[in-house]
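Shown below: protein-v1.cif, with mmCIF, C-alpha atoms.
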```cif
data_run
#
loop_
_atom_site.label_atom_id
_atom_site.label_comp_id
_atom_site.auth_asym_id
_atom_site.auth_seq_id
_atom_site.Cartn_x
_atom_site.Cartn_y
_atom_site.Cartn_z
CA ARG L 16 0.00 0.00 0.00
CA SER L 17 2.85 2.43 0.63
CA ILE L 18 5.00 2.12 -2.52
CA GLY L 19 4.77 4.69 -5.32
CA ASP L 20 3.97 2.15 -8.07
CA GLY L 21 0.59 0.70 -8.98
CA VAL L 22 0.25 -2.98 -8.06
CA ILE L 23 -2.38 -5.41 -9.36
CA THR L 24 -2.52 -9.08 -8.32
CA CYS L 25 -4.69 -11.75 -9.90
CA ASP L 26 -5.51 -15.45 -9.69
CA PRO L 27 -4.24 -18.03 -12.22
CA GLU L 28 -7.19 -17.24 -14.52
CA GLY L 29 -6.23 -13.55 -14.67
CA ARG L 30 -9.05 -12.29 -12.44
CA ILE L 31 -8.18 -9.44 -10.10
CA VAL L 32 -7.58 -10.13 -6.44
CA TYR L 33 -6.18 -6.79 -5.33
CA LEU L 34 -5.43 -3.21 -6.47
CA ASN L 35 -3.24 -1.04 -4.27
CA PRO L 36 -4.13 2.69 -3.83
CA VAL L 37 -1.83 3.87 -6.66
CA ALA L 38 -3.32 1.31 -9.07
CA GLN L 39 -6.81 2.45 -8.10
CA GLY L 40 -5.87 6.08 -8.81
CA LEU L 41 -4.31 5.32 -12.20
CA THR L 42 -6.95 2.90 -13.50
CA GLY L 43 -9.97 4.73 -12.03
CA TRP L 44 -11.23 1.46 -10.51
CA SER L 45 -11.72 0.95 -6.79
CA ASN L 46 -10.45 -2.26 -5.23
CA ASP L 47 -14.01 -3.44 -4.57
CA GLU L 48 -15.16 -2.70 -8.15
CA ALA L 49 -12.20 -4.54 -9.64
CA GLN L 50 -12.57 -7.73 -7.61
CA GLY L 51 -13.10 -10.69 -9.96
CA GLN L 52 -12.69 -8.61 -13.14
CA LEU L 53 -10.22 -9.73 -15.80
CA VAL L 54 -7.03 -7.66 -15.58
CA SER L 55 -7.38 -6.77 -19.29
CA SER L 56 -10.71 -5.05 -18.62
CA VAL L 57 -9.28 -2.88 -15.85
CA PHE L 58 -5.72 -2.36 -17.09
CA ARG L 59 -6.54 -1.24 -20.67
CA VAL L 60 -3.39 -0.36 -22.59
CA PHE L 61 -2.89 0.91 -26.16
CA ASP L 62 0.08 1.76 -28.36
CA PRO L 63 0.65 5.26 -29.89
CA ASP L 64 -1.40 4.18 -32.95
CA GLU L 65 -4.44 3.45 -30.74
CA GLN L 66 -4.08 -0.31 -31.17
CA PRO L 67 -4.74 -2.49 -28.10
CA VAL L 68 -1.63 -3.90 -26.40
CA PRO L 69 -1.73 -7.48 -25.04
CA CYS L 70 -2.23 -7.49 -21.29
CA PRO L 71 1.24 -8.20 -19.82
CA ILE L 72 -0.02 -10.12 -16.77
CA GLU L 73 -2.01 -12.50 -18.96
CA GLU L 74 1.10 -13.07 -21.08
CA ALA L 75 3.16 -13.68 -17.93
CA LEU L 76 0.64 -16.29 -16.76
CA HIS L 77 0.58 -17.94 -20.17
CA LYS L 78 4.38 -18.02 -20.63
CA GLY L 79 5.24 -18.57 -16.99
CA GLN L 80 7.88 -15.81 -17.04
CA ILE L 81 8.39 -12.09 -16.48
CA VAL L 82 6.90 -9.89 -19.24
CA ALA L 83 7.48 -6.15 -19.68
CA LEU L 84 5.02 -3.75 -21.33
CA GLN L 85 6.10 -2.57 -24.77
CA ALA L 86 7.56 0.94 -25.09
CA ASN L 87 5.34 4.03 -25.38
CA SER L 88 2.26 2.26 -24.02
CA ILE L 89 -0.71 4.30 -22.83
CA LEU L 90 -3.10 3.29 -20.05
CA VAL L 91 -6.70 4.40 -20.62
CA SER L 92 -8.41 4.71 -17.26
CA LYS L 93 -12.06 4.14 -16.44
CA THR L 94 -12.64 7.92 -16.71
CA GLY L 95 -10.98 8.09 -20.15
CA ALA L 96 -7.74 9.65 -18.93
CA ARG L 97 -4.71 8.66 -21.00
CA ILE L 98 -1.59 7.98 -18.96
CA PRO L 99 1.81 6.88 -20.34
CA VAL L 100 2.95 3.91 -18.25
CA GLU L 101 5.76 1.42 -17.90
CA ASP L 102 5.29 -1.93 -16.20
CA SER L 103 6.49 -5.42 -15.52
CA ALA L 104 4.35 -8.52 -14.88
CA ALA L 105 5.36 -11.87 -13.39
CA PRO L 106 3.72 -15.14 -12.35
CA ILE L 107 3.44 -15.94 -8.62
CA ARG L 108 4.48 -19.48 -7.74
CA ASP L 109 4.04 -21.58 -4.63
CA ARG L 110 6.78 -23.66 -3.01
CA THR L 111 6.26 -26.45 -5.52
CA GLY L 112 6.68 -24.09 -8.48
CA ALA L 113 3.04 -24.13 -9.50
CA VAL L 114 1.57 -20.82 -10.74
CA VAL L 115 -0.95 -19.60 -8.20
CA GLY L 116 -1.45 -16.07 -9.56
CA GLY L 117 0.24 -13.07 -11.08
CA VAL L 118 1.43 -9.59 -10.14
CA LEU L 119 1.62 -6.45 -12.28
CA VAL L 120 3.69 -3.46 -11.15
CA PHE L 121 3.38 -0.21 -13.16
CA HIS L 122 3.94 3.51 -12.81
CA ASP L 123 3.07 6.81 -14.51
CA VAL L 124 5.88 8.05 -16.79
CA SER L 125 4.13 11.20 -18.06
CA HIS L 126 6.85 13.48 -16.71
CA GLN L 127 9.70 11.38 -18.12
CA ARG L 128 8.11 11.14 -21.56
CA ALA L 129 7.28 14.85 -21.60
CA MET L 130 10.88 15.62 -20.69
CA ALA L 131 12.16 13.25 -23.40
CA ILE L 132 9.91 14.94 -25.97
CA LYS L 133 11.10 18.35 -24.82
CA LEU L 134 14.76 17.34 -25.02
CA GLU L 135 14.18 15.85 -28.46
CA PHE L 136 12.54 19.11 -29.57
CA MET L 137 15.35 21.22 -28.10
CA ALA L 138 17.95 19.15 -29.94
CA HIS L 139 16.35 19.88 -33.31
CA HIS L 140 14.74 23.30 -32.90
CA ASP L 141 15.75 26.88 -32.21
CA MET L 142 14.67 27.95 -28.73
CA LEU L 143 13.87 31.57 -29.66
CA THR L 144 11.66 30.94 -32.69
CA ASP L 145 10.71 27.23 -32.31
CA LEU L 146 11.78 26.74 -35.93
CA PRO L 147 13.84 23.73 -37.01
CA ASN L 148 17.54 24.32 -36.43
CA ARG L 149 20.42 23.81 -38.83
CA ALA L 150 20.88 20.11 -37.96
CA LEU L 151 17.23 19.25 -38.63
CA PHE L 152 17.23 21.34 -41.82
CA LYS L 153 20.25 19.46 -43.18
CA ASP L 154 18.59 16.13 -42.36
CA ARG L 155 15.46 17.12 -44.24
CA LEU L 156 17.49 18.48 -47.13
CA THR L 157 19.45 15.23 -47.41
CA MET L 158 16.22 13.17 -47.42
CA THR L 159 14.63 15.51 -49.96
CA LEU L 160 17.60 15.27 -52.33
CA ARG L 161 17.51 11.49 -52.07
CA MET L 162 13.85 11.50 -53.17
CA ASN L 163 14.54 14.10 -55.87
CA ARG L 164 17.24 11.90 -57.41
CA ARG L 165 14.99 8.86 -57.26
CA ASP L 166 11.91 10.55 -58.71
CA GLY L 167 13.59 13.05 -61.03
CA THR L 168 11.97 15.99 -59.21
CA THR L 169 13.31 19.41 -58.25
CA CYS L 170 13.78 21.26 -54.98
CA ALA L 171 15.05 24.71 -54.01
CA ILE L 172 16.84 26.34 -51.09
CA LEU L 173 16.29 29.96 -50.10
CA PHE L 174 18.91 31.61 -47.88
CA CYS L 175 17.40 34.66 -46.15
CA ASP L 176 19.30 37.37 -44.29
CA LEU L 177 17.69 40.20 -42.33
CA ASP L 178 19.13 43.47 -43.61
CA ARG L 179 20.91 45.69 -41.07
CA PHE L 180 19.71 43.66 -38.11
CA LYS L 181 22.55 44.93 -35.93
CA SER L 182 21.15 48.46 -36.04
CA ILE L 183 17.87 47.16 -34.56
CA ASN L 184 19.75 45.72 -31.59
CA ASP L 185 21.81 48.89 -31.24
CA VAL L 186 18.84 51.28 -31.34
CA HIS L 187 16.07 49.29 -29.63
CA GLY L 188 17.96 46.66 -27.60
CA HIS L 189 18.38 42.91 -27.85
CA ALA L 190 14.89 42.18 -26.51
CA ALA L 191 13.48 44.08 -29.47
CA GLY L 192 15.83 42.21 -31.77
CA ASP L 193 14.53 38.89 -30.45
CA GLU L 194 10.97 40.10 -30.97
CA VAL L 195 11.75 40.99 -34.60
CA LEU L 196 13.23 37.53 -35.22
CA GLN L 197 10.16 35.85 -33.70
CA GLU L 198 7.76 37.91 -35.80
CA LEU L 199 9.78 37.33 -38.95
CA SER L 200 9.81 33.56 -38.30
CA ARG L 201 6.00 33.59 -38.06
CA ARG L 202 5.72 35.54 -41.31
CA LEU L 203 8.09 33.23 -43.15
CA THR L 204 6.16 30.18 -41.95
CA ARG L 205 2.88 31.69 -43.14
CA SER L 206 4.41 32.48 -46.54
CA VAL L 207 5.31 28.91 -47.49
CA ARG L 208 3.41 25.66 -48.09
CA PRO L 209 2.65 23.17 -45.28
CA GLY L 210 5.30 20.72 -46.54
CA ASP L 211 8.09 23.32 -46.76
CA THR L 212 10.68 23.78 -44.03
CA VAL L 213 11.61 27.16 -42.53
CA CYS L 214 14.77 27.03 -40.42
CA ARG L 215 16.62 29.54 -38.30
CA TRP L 216 20.08 29.00 -39.72
CA ALA L 217 22.08 31.31 -37.42
CA GLY L 218 21.69 34.77 -35.90
CA ASP L 219 19.54 36.77 -38.30
CA GLU L 220 19.79 34.17 -41.10
CA PHE L 221 16.99 31.83 -42.12
CA ALA L 222 16.88 28.97 -44.61
CA ILE L 223 13.83 27.64 -46.45
CA LEU L 224 13.55 24.27 -48.17
CA LEU L 225 10.99 23.90 -50.95
CA PRO L 226 11.04 20.12 -51.46
CA ASP L 227 8.87 19.82 -54.56
CA ILE L 228 8.73 22.54 -57.18
CA SER L 229 7.59 22.35 -60.78
CA SER L 230 9.29 25.46 -62.18
CA GLU L 231 11.45 28.46 -61.38
CA ARG L 232 8.24 30.47 -61.40
CA ASP L 233 7.08 28.65 -58.25
CA VAL L 234 10.27 29.62 -56.44
CA ARG L 235 10.04 33.19 -57.67
CA MET L 236 6.51 33.50 -56.29
CA VAL L 237 7.57 32.23 -52.85
CA ALA L 238 10.66 34.46 -52.77
CA SER L 239 8.64 37.51 -53.80
CA ARG L 240 6.02 36.75 -51.16
CA ILE L 241 8.50 36.45 -48.28
CA VAL L 242 10.38 39.60 -49.30
CA GLU L 243 7.11 41.53 -49.40
CA THR L 244 5.86 40.19 -46.06
CA ALA L 245 9.19 41.08 -44.42
CA ARG L 246 8.79 44.69 -45.56
CA GLU L 247 5.61 45.13 -43.55
CA PRO L 248 6.31 47.21 -40.40
CA ILE L 249 6.82 45.41 -37.11
CA TYR L 250 5.29 47.09 -34.05
CA LEU L 251 7.28 46.14 -30.98
CA LYS L 252 5.65 45.01 -27.76
CA SER L 253 8.79 45.61 -25.70
CA SER L 254 8.85 49.32 -26.59
CA PRO L 255 6.46 51.77 -28.28
CA ALA L 256 8.31 51.69 -31.57
CA ARG L 257 7.87 50.63 -35.17
CA VAL L 258 10.64 48.74 -36.92
CA ASP L 259 11.00 48.56 -40.69
CA VAL L 260 13.13 45.69 -41.95
CA GLY L 261 14.17 44.19 -45.24
CA LEU L 262 15.11 40.70 -46.32
CA SER L 263 17.75 39.58 -48.80
CA VAL L 264 17.20 36.14 -50.34
CA GLY L 265 19.57 33.94 -52.32
CA ILE L 266 18.21 30.93 -54.20
CA GLY L 267 19.79 27.64 -55.24
CA ILE L 268 17.92 25.01 -57.27
CA PHE L 269 18.55 21.26 -57.56
CA PRO L 270 19.99 19.92 -59.82
CA GLU L 271 21.11 22.99 -61.79
CA ASP L 272 23.04 24.62 -58.94
CA GLY L 273 24.27 21.54 -57.07
CA MET L 274 23.88 17.80 -56.81
CA ASP L 275 24.42 17.46 -53.06
CA ALA L 276 23.49 19.40 -49.94
CA ASN L 277 26.80 21.24 -49.55
CA ASP L 278 26.90 22.43 -53.16
CA LEU L 279 23.30 23.57 -53.03
CA LEU L 280 23.83 25.47 -49.77
CA ALA L 281 26.95 27.13 -51.20
CA ALA L 282 25.02 28.15 -54.32
CA ALA L 283 22.22 29.76 -52.28
CA ASP L 284 24.78 31.52 -50.07
CA ALA L 285 26.62 32.91 -53.11
CA ALA L 286 23.34 34.17 -54.55
CA LEU L 287 22.51 35.83 -51.22
CA TYR L 288 25.86 37.65 -51.18
CA GLU L 289 25.19 38.92 -54.70
CA VAL L 290 21.78 40.29 -53.63
CA LYS L 291 23.33 42.09 -50.67
CA ARG L 292 26.13 43.46 -52.85
CA ASN L 293 23.55 44.86 -55.28
CA GLY L 294 21.55 46.79 -52.70
CA ARG L 295 19.79 44.24 -50.45
CA ASN L 296 16.03 43.89 -49.84
CA GLY L 297 15.27 41.53 -52.72
CA PHE L 298 15.97 38.07 -54.09
CA GLY L 299 18.22 36.53 -56.70
CA PHE L 300 19.00 33.16 -58.27
CA HIS L 301 22.37 31.50 -58.42
CA HIS L 302 24.22 31.57 -61.73
CA ASP L 303 27.56 30.22 -62.91
CA GLY L 304 29.42 33.50 -62.52
CA LEU L 305 28.66 33.62 -58.79
CA ASN L 306 31.04 30.76 -58.06
CA ASP L 307 33.89 32.79 -59.54
CA LEU L 308 32.77 35.84 -57.57
CA ALA L 309 32.67 33.83 -54.33
CA ARG L 310 36.16 32.47 -54.92
CA GLU L 311 37.45 35.94 -55.76
CA ARG L 312 35.85 37.38 -52.63
CA ALA L 313 37.46 34.66 -50.49
CA ARG L 314 40.82 35.41 -52.10
CA GLN L 315 40.45 39.14 -51.44
CA GLU L 316 39.49 38.51 -47.82
CA THR L 317 42.64 36.40 -47.34
CA GLN L 318 44.76 39.12 -48.95
CA LEU L 319 43.25 41.77 -46.71
CA ARG L 320 43.93 39.74 -43.57
CA GLU L 321 47.53 39.20 -44.66
CA ALA L 322 47.91 42.90 -45.50
CA LEU L 323 46.84 43.89 -41.99
CA GLN L 324 49.43 41.51 -40.56
CA THR L 325 52.31 42.32 -42.93
CA GLY L 326 51.75 46.06 -43.35
CA ALA L 327 50.87 45.95 -47.07
CA LEU L 328 48.69 49.04 -46.61
CA GLU L 329 49.48 52.64 -47.50
CA LEU L 330 47.96 56.00 -46.64
CA HIS L 331 47.83 58.59 -49.37
CA TYR L 332 47.01 62.20 -48.48
CA GLN L 333 44.83 64.32 -50.71
CA PRO L 334 45.26 68.09 -50.11
CA ARG L 335 42.33 70.32 -49.27
CA VAL L 336 43.08 73.61 -51.02
CA ALA L 337 41.47 77.01 -50.39
CA LEU L 338 40.35 78.39 -53.74
CA LYS L 339 40.87 81.96 -52.56
CA ASP L 340 44.63 81.82 -52.04
CA ARG L 341 45.40 78.22 -53.07
CA SER L 342 46.79 77.49 -49.62
CA ILE L 343 46.67 73.95 -48.23
CA ARG L 344 44.19 73.93 -45.34
CA GLY L 345 44.36 70.24 -44.63
CA VAL L 346 44.53 66.74 -46.09
CA GLU L 347 42.27 63.72 -46.31
CA ALA L 348 43.80 60.34 -45.48
CA LEU L 349 42.99 57.71 -48.12
CA VAL L 350 43.90 54.08 -47.58
CA ARG L 351 45.30 51.88 -50.33
CA LEU L 352 46.03 48.15 -50.43
CA LYS L 353 49.28 47.24 -52.16
CA LEU L 354 49.26 43.86 -53.90
CA ASP L 355 51.89 42.59 -56.31
CA GLY L 356 53.19 46.11 -56.82
CA ALA L 357 49.76 47.52 -57.73
CA LEU L 358 47.45 49.68 -55.64
CA VAL L 359 43.94 48.45 -54.83
CA PHE L 360 41.41 51.20 -54.12
CA PRO L 361 38.93 51.23 -51.20
CA ASP L 362 35.86 50.46 -53.31
CA ASP L 363 37.36 47.02 -53.96
CA PHE L 364 38.23 46.00 -50.40
CA VAL L 365 36.35 48.14 -47.85
CA PRO L 366 32.99 46.37 -48.48
CA ILE L 367 34.76 43.06 -47.85
CA ALA L 368 36.27 44.47 -44.67
CA GLU L 369 32.81 45.56 -43.49
CA ASP L 370 31.19 42.19 -44.24
CA THR L 371 33.92 40.20 -42.47
CA GLY L 372 34.45 42.48 -39.45
CA LEU L 373 37.98 43.41 -40.57
CA ILE L 374 36.84 47.02 -40.89
CA HIS L 375 37.62 47.60 -37.21
CA ASP L 376 41.24 46.49 -37.53
CA LEU L 377 41.55 48.46 -40.77
CA SER L 378 40.13 51.61 -39.15
CA ARG L 379 42.54 51.30 -36.21
CA TRP L 380 45.48 50.99 -38.59
CA VAL L 381 44.42 54.08 -40.58
CA PHE L 382 43.95 56.13 -37.43
CA ARG L 383 47.32 55.20 -35.92
CA GLU L 384 49.18 55.65 -39.21
CA ALA L 385 47.60 59.08 -39.72
CA CYS L 386 48.58 60.08 -36.16
CA ARG L 387 52.15 58.90 -36.79
CA GLN L 388 52.33 61.04 -39.94
CA CYS L 389 50.86 64.06 -38.12
CA LYS L 390 53.60 63.85 -35.52
CA ILE L 391 56.24 63.92 -38.27
CA TRP L 392 54.58 66.93 -39.94
CA ASP L 393 54.36 68.76 -36.61
CA GLN L 394 58.15 68.81 -36.49
CA GLY L 395 58.42 70.74 -39.76
CA PRO L 396 56.76 73.46 -41.82
CA LEU L 397 53.42 71.56 -41.94
CA LYS L 398 52.89 71.86 -38.20
CA GLY L 399 49.17 72.07 -37.31
CA LEU L 400 47.98 70.60 -40.58
CA MET L 401 44.45 69.23 -40.25
CA VAL L 402 43.99 65.58 -41.26
CA ALA L 403 40.55 64.12 -42.07
CA ILE L 404 39.96 60.39 -41.63
CA ASN L 405 37.07 58.43 -43.12
CA LEU L 406 35.29 56.00 -40.80
CA SER L 407 32.85 53.25 -41.67
CA PRO L 408 29.39 53.57 -40.07
CA LEU L 409 30.07 50.15 -38.53
CA ARG L 410 33.11 51.59 -36.76
CA LEU L 411 31.07 54.50 -35.42
CA ARG L 412 28.83 52.02 -33.56
CA GLN L 413 31.72 50.56 -31.54
CA ASP L 414 31.86 51.50 -27.86
CA ASP L 415 35.67 51.82 -27.81
CA LEU L 416 35.87 54.45 -30.58
CA ALA L 417 35.98 57.45 -28.20
CA GLU L 418 38.70 55.87 -26.06
CA GLU L 419 40.86 55.18 -29.08
CA MET L 420 40.50 58.75 -30.31
#
```
Represent the structure from my file as structure tokens, please.
Amino acid sequence: RSIGDGVITCDPEGRIVYLNPVAQGLTGWSNDEAQGQLVSSVFRVFDPDEQPVPCPIEEALHKGQIVALQANSILVSKTGARIPVEDSAAPIRDRTGAVVGGVLVFHDVSHQRAMAIKLEFMAHHDMLTDLPNRALFKDRLTMTLRMNRRDGTTCAILFCDLDRFKSINDVHGHAAGDEVLQELSRRLTRSVRPGDTVCRWAGDEFAILLPDISSERDVRMVASRIVETAREPIYLKSSPARVDVGLSVGIGIFPEDGMDANDLLAAADAALYEVKRNGRNGFGFHHDGLNDLARERARQETQLREALQTGALELHYQPRVALKDRSIRGVEALVRLKLDGALVFPDDFVPIAEDTGLIHDLSRWVFREACRQCKIWDQGPLKGLMVAINLSPLRLRQDDLAEEM
């Protein structure tokens, strides 16, 4: 009577002799009501597909050995309550070894199963948006490609990036940023078909899998719809503010843009970069030239990193001249990247520096080099010459800018 498990005992014919208090609570039968009833009529168990499960105590009596209930079994009580249970049944023998009855011990595992389901969900979903995470997306993509190859069908991947998301965090705070991501995830989910997958890829990036498309027109319609829905204003709950956002979308299509998951993801990513390079807030398809552009961009990023380490940067100074008397009133510092004896101008490498975060190291180098040159000029006839330095808007948002100045 005092243990935490339900206990049912029966005679050799499987008719109930006793229910302890826990068994009475779980089955909904009192001990008096259950007396003489078959165990299978009181302990009614089903599998997840609603099919009846053989009564374990009857099996134990028939086989003369311990029998455990199959996994994921559900006890349906007299009141209709559905309770996940685990159990074990065994025959009861007398001193001669003859079976004189049976005993069933079971317990409620609702909490354990709920926790297992929650852990399973957490392993495959993003906690902020409840969308599938990258691991689940890749699994679904791999399965989709396998079916596409078998059936000769087509699928598409859309890589989506929220434009200038960092400014939302900077202006309104991270709570507002989280709210924007949650609202955008709901809009993206509403914009696709029930069988499509919307995933939070990382940070402010989302990925969408369209597993069965008939033409490029289908993809274009979806991409246009999600770009338009992202443009709708978001009214924050965390603060009385309206946020206007944009979405850049890169598209890769199987089999034209890749035969496996990695190639297809790379194609969509390259297309996304091209959209952002051309002004953001829109969508674009992958094409052959993008692979060359992606490789060239990777090469330029490597060169820029090496230049910051080896000093392959130069500052040129453009005079600011007063038209009235043609006197030099100051200079503007202009950075150049020196590669293989040739000068590379800022338009070709500053955007890469901004996208990769190297802009902060580059800005620090320009500032220190300009200060070093000013000190040299202060020792000669150019003493007091004003020097203007260009800063990226990204650099202006850094908290340490004032201290460095």
### Query
Taking the file as shown, what set of residues would the PyMOL selection byres ((chain L and resi 105) around 7) give back, as a list in words?
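Matching residues under the PyMOL selection byres ((chain L and resi 105) around 7) are Ile72, Ala75, Gln80, Ile81, Val82, Ser103, Ala104, Pro106, Ile107, Gly117, Val118 and Leu119 of chain L.
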### Query
Excluding same-chain residues fewer than 5 positions from region 397-407 of chain L, what lies within 7 Å of it counting only C-alpha atoms, as a list in words?
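Listed by chain and then number, they are Arg344, Gly345, Val346, Glu347, Ala348, Ser378 and Trp392 of chain L.
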### Task
Write out as an NGL selection string which residues come within 8 Å of Val237 (chain L) when counting all atoms listed in the file, dropping same-chain ones fewer than 3 positions away.
:L and (206-207 or 233-234 or 240-241)
### Message
Suppose a student applies the PyMOL selection byres ((chain L and resi 296) around 10) to this structure; what residues should they get, written as a count of residues only?
### Response
19
### Query
If you measure from CA of Ala368 (chain L) to CA of Arg149 (chain L), what distance in Å do you get, rounded to one decimal?
26.7 Å
### Message
I need the residue nearest Arg108 (chain L) from this list: L:Pro248, L:Gly79, L:Gly167, L:Gly210. Use all atoms listed in the file for the distance.
### Response
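Residue with the minimum atom-to-atom distance to Arg108 (chain L): L:Gly79.
Residues lying within 12 Å of (21.0, 17.5, -45.8). Counted over all atoms listed in the file, they are Arg149, Ala150, Leu151, Phe152, Lys153, Asp154, Arg155, Leu156, Thr157, Met158, Thr159, Leu160, Arg161, Met162, Ile172, Leu224, Pro226, Met274, Asp275, Ala276, Asn277, Asp278, Leu279 and Leu280 of chain L.
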### Task
Identify all residues satisfying the PyMOL selection byres ((chain L and resi 20) around 9) in the given file; provide them as a list in words.
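Answer for the PyMOL selection byres ((chain L and resi 20) around 9): Ser17, Ile18, Gly19, Gly21, Val22, Asn35, Val37, Ala38, Val120, Phe121, His122 and Asp123 of chain L.
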### Task
Calculate how many Å separate CA of Ile89 (chain L) from CA of Pro63 (chain L), rounding to one decimal.
7.3 Å
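The space between CA of Thr244 (chain L) and CA of Leu199 (chain L) spans 8.6 Å.
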### Query
Contacts of Ala96 (chain L) at 10 Å or less, counting all atoms listed in the file, minus same-chain residues fewer than 3 places along, as a PyMOL selection string?
chain L and resi 41-43+89-93
Applying 7 Å and all atoms listed in the file, which residues near Arg30 (chain L) remain after dropping the ones on its own chain fewer than 4 positions away? List them as an mmCIF file with C-alpha atoms, in the coordinates of the input.
```cif
data_model
loop_
_atom_site.group_PDB
_atom_site.id
_atom_site.type_symbol
_atom_site.label_atom_id
_atom_site.label_comp_id
_atom_site.auth_asym_id
_atom_site.auth_seq_id
_atom_site.Cartn_x
_atom_site.Cartn_y
_atom_site.Cartn_z
ATOM 1 C CA CYS L 25 -4.690 -11.750 -9.900
ATOM 2 C CA ASP L 26 -5.510 -15.450 -9.690
ATOM 3 C CA GLY L 51 -13.100 -10.690 -9.960
ATOM 4 C CA GLN L 52 -12.690 -8.610 -13.140
ATOM 5 C CA LEU L 53 -10.220 -9.730 -15.800
ATOM 6 C CA VAL L 54 -7.030 -7.660 -15.580
#
```
All heavy atoms modelled onto region 397-402 of chain L, as a PDB file, in the frame of the given file:
```pdb
ATOM      1  N   LEU L 397      54.839  71.908 -41.858  1.00  0.00           N
ATOM      2  CA  LEU L 397      53.420  71.560 -41.940  1.00  0.00           C
ATOM      3  C   LEU L 397      52.763  71.426 -40.575  1.00  0.00           C
ATOM      4  O   LEU L 397      51.707  70.807 -40.443  1.00  0.00           O
ATOM      5  CB  LEU L 397      53.244  70.265 -42.737  1.00  0.00           C
ATOM      6  CG  LEU L 397      53.637  70.334 -44.217  1.00  0.00           C
ATOM      7  CD1 LEU L 397      53.446  68.975 -44.880  1.00  0.00           C
ATOM      8  CD2 LEU L 397      52.833  71.394 -44.953  1.00  0.00           C
ATOM      9  N   LYS L 398      53.405  71.978 -39.551  1.00  0.00           N
ATOM     10  CA  LYS L 398      52.890  71.860 -38.200  1.00  0.00           C
ATOM     11  C   LYS L 398      51.448  72.402 -38.133  1.00  0.00           C
ATOM     12  O   LYS L 398      51.144  73.470 -38.658  1.00  0.00           O
ATOM     13  CB  LYS L 398      53.766  72.634 -37.229  1.00  0.00           C
ATOM     14  CG  LYS L 398      53.308  72.504 -35.782  1.00  0.00           C
ATOM     15  CD  LYS L 398      54.270  73.201 -34.843  1.00  0.00           C
ATOM     16  CE  LYS L 398      53.821  73.020 -33.397  1.00  0.00           C
ATOM     17  NZ  LYS L 398      54.753  73.667 -32.441  1.00  0.00           N
ATOM     18  N   GLY L 399      50.565  71.660 -37.471  1.00  0.00           N
ATOM     19  CA  GLY L 399      49.170  72.070 -37.310  1.00  0.00           C
ATOM     20  C   GLY L 399      48.272  71.724 -38.466  1.00  0.00           C
ATOM     21  O   GLY L 399      47.103  72.112 -38.487  1.00  0.00           O
ATOM     22  N   LEU L 400      48.792  70.972 -39.428  1.00  0.00           N
ATOM     23  CA  LEU L 400      47.980  70.600 -40.580  1.00  0.00           C
ATOM     24  C   LEU L 400      46.821  69.691 -40.149  1.00  0.00           C
ATOM     25  O   LEU L 400      47.023  68.719 -39.432  1.00  0.00           O
ATOM     26  CB  LEU L 400      48.850  69.864 -41.613  1.00  0.00           C
ATOM     27  CG  LEU L 400      48.197  69.567 -42.966  1.00  0.00           C
ATOM     28  CD1 LEU L 400      47.955  70.867 -43.734  1.00  0.00           C
ATOM     29  CD2 LEU L 400      49.070  68.625 -43.782  1.00  0.00           C
ATOM     30  N   MET L 401      45.624  70.023 -40.585  1.00  0.00           N
ATOM     31  CA  MET L 401      44.450  69.230 -40.250  1.00  0.00           C
ATOM     32  C   MET L 401      44.385  67.984 -41.133  1.00  0.00           C
ATOM     33  O   MET L 401      44.572  68.066 -42.341  1.00  0.00           O
ATOM     34  CB  MET L 401      43.174  70.048 -40.449  1.00  0.00           C
ATOM     35  CG  MET L 401      43.084  71.269 -39.551  1.00  0.00           C
ATOM     36  SD  MET L 401      42.704  70.832 -37.843  1.00  0.00           S
ATOM     37  CE  MET L 401      41.021  70.286 -38.013  1.00  0.00           C
ATOM     38  N   VAL L 402      44.102  66.835 -40.515  1.00  0.00           N
ATOM     39  CA  VAL L 402      43.990  65.580 -41.260  1.00  0.00           C
ATOM     40  C   VAL L 402      42.588  64.993 -41.041  1.00  0.00           C
ATOM     41  O   VAL L 402      42.170  64.802 -39.898  1.00  0.00           O
ATOM     42  CB  VAL L 402      45.065  64.557 -40.812  1.00  0.00           C
ATOM     43  CG1 VAL L 402      44.889  63.252 -41.594  1.00  0.00           C
ATOM     44  CG2 VAL L 402      46.451  65.118 -41.026  1.00  0.00           C
TER      45      VAL L 402
END
```
